[in-house]
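K.L.:
Just passing along the structure, written as C-alpha cells.
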Amino acid sequence: MAKKLVIKVTAGADAPERCSQAFTVAAVAVASGVEVSLWLTGESAWFALPGRAAEFELPHAAPLPDLIDSILAGGTLTLCTQCAARRDITEKDVIEGVRIAGAQVFVQEALVDGTQALVY
C-alpha cells in the first residue's frame, strides 16, 4: 500500500458524484492511517471557503463538511494557487487549516517514493 496518497479533485457541484468520491476516498484513507494530501482545483476550489461545503448535497453520500473535518484532522488540504486567484480567494478567506500552494508543490508531493496520486 502507498505510504502517502495525493488526491487532486477538479470537480465541485458541477459533478457531484466525482467530487464526493474524491473527498470520501481522502477521508477513508486518513481514517486508515494513510498520509493524505487533498488538492482543491477547478470548481472544488469553492469548498475552501467557510460554509460552502454545507451547501453541497448528494443523496446517499457523507456530508461534505464532515469529510473535510476528517481530512483536516489527519491530512493536508490545499487550494491551488491559480484556482484561488481566478476566484479572488485569498489566505484570509479560507477555512482554518487550508493552505494555498501551486503546481510545483503538487508535483513535489506526487513524486515522492511510496506516493500514489489520484485525480478526480
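Lettering and numbering for the C-alpha cells are positional, with chains as A, B, ... in the shown order, residues counted from 1 in each chain, and ligands counted from 1 in the shown order.
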Can you tell me, as a ChimeraX atom specification, which residues in stretch 3-111 of chain A count as alpha helix (DSSP H) by DSSP?
P.N.:
/A:16-31,64-74,81-86,103-110
K.L.:
Please provide as a PyMOL selection string all residues within 12 Å of A:Glu35, with the sequence filter that same-chain residues fewer than 6 positions apart are discarded (counting only C-alpha atoms).
P.N.:
chain A and resi 1-7+26-29+71-77+109+114-117
K.L.:
Selection from above, C-alpha atoms, as a PDB file, in the first residue's frame, can you write it?
P.N.:
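That gives us result-v2.pdb:
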ATOM      1  CA  MET A   1       0.000   0.000   0.000  1.00  0.00           C
ATOM      2  CA  ALA A   2       1.144   3.557  -0.708  1.00  0.00           C
ATOM      3  CA  LYS A   3       2.566   5.388   2.269  1.00  0.00           C
ATOM      4  CA  LYS A   4       1.075   8.618   1.006  1.00  0.00           C
ATOM      5  CA  LEU A   5      -1.931   9.457  -1.132  1.00  0.00           C
ATOM      6  CA  VAL A   6      -2.095  12.719  -3.091  1.00  0.00           C
ATOM      7  CA  ILE A   7      -5.558  13.411  -4.455  1.00  0.00           C
ATOM      8  CA  ALA A  26      -9.403  11.003   1.124  1.00  0.00           C
ATOM      9  CA  ALA A  27     -11.332  10.733   4.405  1.00  0.00           C
ATOM     10  CA  VAL A  28     -11.283   6.926   4.362  1.00  0.00           C
ATOM     11  CA  ALA A  29      -7.547   6.946   3.677  1.00  0.00           C
ATOM     12  CA  ILE A  71      -9.289  15.234   6.204  1.00  0.00           C
ATOM     13  CA  LEU A  72      -8.103  18.312   8.108  1.00  0.00           C
ATOM     14  CA  ALA A  73      -7.817  16.284  11.322  1.00  0.00           C
ATOM     15  CA  GLY A  74      -5.244  13.921   9.858  1.00  0.00           C
ATOM     16  CA  GLY A  75      -4.184  15.143   6.445  1.00  0.00           C
ATOM     17  CA  THR A  76      -3.425  18.197   4.374  1.00  0.00           C
ATOM     18  CA  LEU A  77      -5.963  20.236   2.423  1.00  0.00           C
ATOM     19  CA  GLU A 109       4.291  15.684  -3.286  1.00  0.00           C
ATOM     20  CA  GLY A 114       5.776   5.465  -1.969  1.00  0.00           C
ATOM     21  CA  THR A 115       3.172   8.006  -3.064  1.00  0.00           C
ATOM     22  CA  GLN A 116       0.067   7.244  -5.100  1.00  0.00           C
ATOM     23  CA  ALA A 117      -1.561  10.159  -6.945  1.00  0.00           C
TER      24      ALA A 117
END
K.L.:
Considering only C-alpha atoms, state which residue in the set A:Ala61, A:Arg87, A:Asp69, A:Pro50 is at the smallest distance from A:Arg18.
P.N.:
A:Ala61
K.L.:
May I ask which of the residues A:Leu38, A:Ile95, A:Ala101, A:Cys83 is the closest one to A:Ala53, counting only C-alpha atoms?
P.N.:
A:Ile95
K.L.:
If we count only C-alpha atoms and set the cut-off at 10 Å, which residues sit around A:Arg52, ignoring sequence neighbours fewer than 6 positions away in its own chain? Please answer as a VMD selection string.
P.N.:
chain A and resid 44 to 46 64 to 65 95
K.L.:
Give me every strand (DSSP E or B) residue in stretch 33-80 of chain A, going by DSSP on the backbone, as a PyMOL selection string.
P.N.:
chain A and resi 35-40+76-80
K.L.:
Excluding same-chain residues fewer than 6 positions from A:Thr41, what lies within 7 Å of it counting only C-alpha atoms, as number ranges by chain?
P.N.:
A: 8-10, 79-80, 83
K.L.:
Could you dump the residues just selected with N, CA and C atoms as an mmCIF file, in the first residue's frame?
P.N.:
data_model
loop_
_atom_site.group_PDB
_atom_site.id
_atom_site.type_symbol
_atom_site.label_atom_id
_atom_site.label_comp_id
_atom_site.auth_asym_id
_atom_site.auth_seq_id
_atom_site.Cartn_x
_atom_site.Cartn_y
_atom_site.Cartn_z
ATOM 1 N N LYS A 8 -6.072 14.943 -6.245
ATOM 2 C CA LYS A 8 -6.478 16.217 -6.824
ATOM 3 C C LYS A 8 -7.943 16.085 -7.225
ATOM 4 N N VAL A 9 -8.774 16.948 -6.658
ATOM 5 C CA VAL A 9 -10.193 16.953 -7.016
ATOM 6 C C VAL A 9 -10.466 18.200 -7.846
ATOM 7 N N THR A 10 -10.935 17.963 -9.067
ATOM 8 C CA THR A 10 -11.215 19.055 -10.004
ATOM 9 C C THR A 10 -12.700 19.364 -10.064
ATOM 10 N N LEU A 79 -5.487 24.384 -1.439
ATOM 11 C CA LEU A 79 -6.183 25.069 -2.516
ATOM 12 C C LEU A 79 -5.150 25.507 -3.541
ATOM 13 N N CYS A 80 -5.385 25.177 -4.788
ATOM 14 C CA CYS A 80 -4.492 25.543 -5.886
ATOM 15 C C CYS A 80 -4.361 27.060 -5.981
ATOM 16 N N CYS A 83 -6.174 28.526 -9.058
ATOM 17 C CA CYS A 83 -7.622 28.393 -8.896
ATOM 18 C C CYS A 83 -8.144 29.413 -7.895
#
K.L.:
When you look at stretch 56-58 of chain A with a cut-off of 10 Å (counting only C-alpha atoms), what residues show up, excluding the ones that are within fewer than 2 positions of it in the same chain? I need them as a count of residues only.
P.N.:
17
K.L.:
Atom CA of A:Val36 to atom CA of A:Ala15: how many Å, to one decimal?
P.N.:
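Interatomic distance, atom CA of A:Val36 to atom CA of A:Ala15: 22.2 Å.
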K.L.:
In Å, how far is it from atom CA of A:Ile68 to atom CA of A:Val112?
P.N.:
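Atom-to-atom, atom CA of A:Ile68 and atom CA of A:Val112 are spaced 24.0 Å apart.
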K.L.:
Ranking A:Ala22, A:Leu49, A:Leu40, A:Val30 by minimum distance to A:Asp88 and counting only C-alpha atoms, which one comes first?
P.N.:
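Under the stated criterion, the closest residue is A:Leu49.
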